[in-house]
Amino acid sequence: MIRHRRTPAIKHLDPLTVSEPWRPYVRRMLAAHRSYHRSVGDLQAGPLHDRLHDLGRHVDAGVVAGWQLARRGQSLAEARRGIDAVRLHAQLDDLGDEATPPAGPLVHEELRISTRQALESQLQSAAHLDAAVAAVLRHLQVVDARLGEICARTAVVVTRADAGPHPHPHDAAEQLVLLQEALREVELVGRVDVSLPELPAPAAGRP
């Protein structure tokens, strides 16, 4: 049996370096990675083993892509936690809307409008961050689900191969096709840009 040795990129992935809700995804992806390579390692040498071993590189890449998504999601979530939307809304309420006259002689109208615009900009940034975090989470869920599927399909291939070639002569090939389709989706999701959306330009006449 050939035992898989984790690539350096996989070896240094530590679920404890990310927090909830990202940590469970990283743990499951690493577990799927171990299960896949353990199943392949249990196969006897031959064309099927070689094919699954080659596909293992794509599994490795999928796990790394999932890890990068988790790290990106945590970074965005931490940035979002730095914006106190409740406080910002309260400050906006204290300022009143742009049609409200100044609260007193010491309040300059231009300063009040500028402050309001700065508060609204922070709330807009919070909304963009919320959308970006949600997008990362959706993509991470796809990678997680697909890696789990890949692991299960590999176990089916290995189990049937151990049973011998006669009961299901075409199953291994069919499962390999499905396995490749799942790997392609993982790779596509891993290449999706989930960075922060660009903020719209300020309205005309505003600084």
# chains A, B, ... in the order shown; residues from 1 in each chain; ligands from 1
>>> residues_around(residues="stretch 51-59 of chain A", least_positions_apart="3", cutoff="9 Å", atoms="only C-alpha atoms", output="NGL selection string")
:A and (4 or 33 or 36-37 or 40-41 or 46-48 or 62-64 or 147 or 150 or 154 or 176 or 179-180 or 183-184 or 186-187)
>>> residues_around(residues="stretch 8-17 of chain A", least_positions_apart="6", cutoff="12 Å", atoms="only C-alpha atoms", output="ChimeraX atom specification")
/A:23-31,33-34,57,59-68,70-71,74-75
>>> write_last_selection(atoms="N, CA and C atoms", output="tab-separated table (two decimals), in the first residue's frame")
chain	number	residue	atom	x	y	z
A	23	ARG	N	-14.10	27.57	11.30
A	23	ARG	CA	-13.31	26.45	11.79
A	23	ARG	C	-13.90	25.08	11.45
A	24	PRO	N	-15.22	24.86	11.66
A	24	PRO	CA	-15.76	23.52	11.33
A	24	PRO	C	-15.57	23.14	9.87
A	25	TYR	N	-15.66	24.12	8.97
A	25	TYR	CA	-15.45	23.82	7.55
A	25	TYR	C	-14.03	23.35	7.30
A	26	VAL	N	-13.06	24.03	7.91
A	26	VAL	CA	-11.66	23.64	7.73
A	26	VAL	C	-11.43	22.23	8.28
A	27	ARG	N	-12.01	21.93	9.43
A	27	ARG	CA	-11.85	20.60	10.02
A	27	ARG	C	-12.44	19.52	9.12
A	28	ARG	N	-13.63	19.78	8.58
A	28	ARG	CA	-14.26	18.78	7.71
A	28	ARG	C	-13.47	18.59	6.42
A	29	MET	N	-12.96	19.68	5.86
A	29	MET	CA	-12.18	19.57	4.63
A	29	MET	C	-10.90	18.78	4.85
A	30	LEU	N	-10.25	19.02	5.98
A	30	LEU	CA	-9.03	18.26	6.28
A	30	LEU	C	-9.35	16.79	6.54
A	31	ALA	N	-10.50	16.54	7.18
A	31	ALA	CA	-10.91	15.15	7.41
A	31	ALA	C	-11.21	14.45	6.08
A	33	HIS	N	-9.88	15.21	3.23
A	33	HIS	CA	-8.58	15.03	2.59
A	33	HIS	C	-7.89	13.77	3.11
A	34	ARG	N	-7.89	13.60	4.43
A	34	ARG	CA	-7.26	12.40	5.02
A	34	ARG	C	-7.99	11.14	4.57
A	57	ARG	N	-4.10	15.22	-6.28
A	57	ARG	CA	-3.52	16.57	-6.34
A	57	ARG	C	-4.61	17.62	-6.42
A	59	VAL	N	-7.64	17.20	-5.19
A	59	VAL	CA	-8.23	17.23	-3.85
A	59	VAL	C	-7.41	18.15	-2.95
A	60	ASP	N	-6.09	18.02	-3.02
A	60	ASP	CA	-5.22	18.90	-2.24
A	60	ASP	C	-5.50	20.36	-2.57
A	61	ALA	N	-5.60	20.66	-3.87
A	61	ALA	CA	-5.85	22.05	-4.30
A	61	ALA	C	-7.20	22.53	-3.80
A	62	GLY	N	-8.19	21.64	-3.78
A	62	GLY	CA	-9.51	22.02	-3.30
A	62	GLY	C	-9.50	22.36	-1.81
A	63	VAL	N	-8.75	21.59	-1.04
A	63	VAL	CA	-8.64	21.87	0.40
A	63	VAL	C	-7.94	23.21	0.63
A	64	VAL	N	-6.89	23.46	-0.12
A	64	VAL	CA	-6.18	24.74	0.02
A	64	VAL	C	-7.10	25.89	-0.37
A	65	ALA	N	-7.87	25.72	-1.45
A	65	ALA	CA	-8.81	26.76	-1.86
A	65	ALA	C	-9.86	27.02	-0.78
A	66	GLY	N	-10.35	25.94	-0.16
A	66	GLY	CA	-11.31	26.10	0.93
A	66	GLY	C	-10.70	26.82	2.12
A	67	TRP	N	-9.46	26.49	2.42
A	67	TRP	CA	-8.75	27.16	3.51
A	67	TRP	C	-8.62	28.65	3.24
A	68	GLN	N	-8.27	28.99	2.00
A	68	GLN	CA	-8.13	30.40	1.65
A	68	GLN	C	-9.46	31.14	1.76
A	70	ALA	N	-11.86	30.33	3.86
A	70	ALA	CA	-12.12	30.49	5.29
A	70	ALA	C	-11.32	31.65	5.88
A	71	ARG	N	-10.06	31.77	5.49
A	71	ARG	CA	-9.24	32.87	5.98
A	71	ARG	C	-9.77	34.21	5.49
A	74	GLN	N	-12.94	35.07	7.42
A	74	GLN	CA	-12.64	35.56	8.77
A	74	GLN	C	-12.13	36.99	8.73
A	75	SER	N	-11.27	37.30	7.77
A	75	SER	CA	-10.73	38.66	7.66
A	75	SER	C	-11.85	39.67	7.41
>>> select_by_dssp(residues="stretch 15-167 of chain A", states="helix (DSSP H, G or I)", output="number ranges by chain")
A: 15-17, 22-42, 47-81, 85-95, 109-162
>>> residues_around(residues="A:Ala77", least_positions_apart="4", cutoff="7 Å", atoms="only C-alpha atoms", output="PyMOL selection string")
chain A and resi 73+81+133
>>> atom_distance(atom1="atom CA of A:Asp84", atom2="atom CA of A:Pro21")
20.2 Å
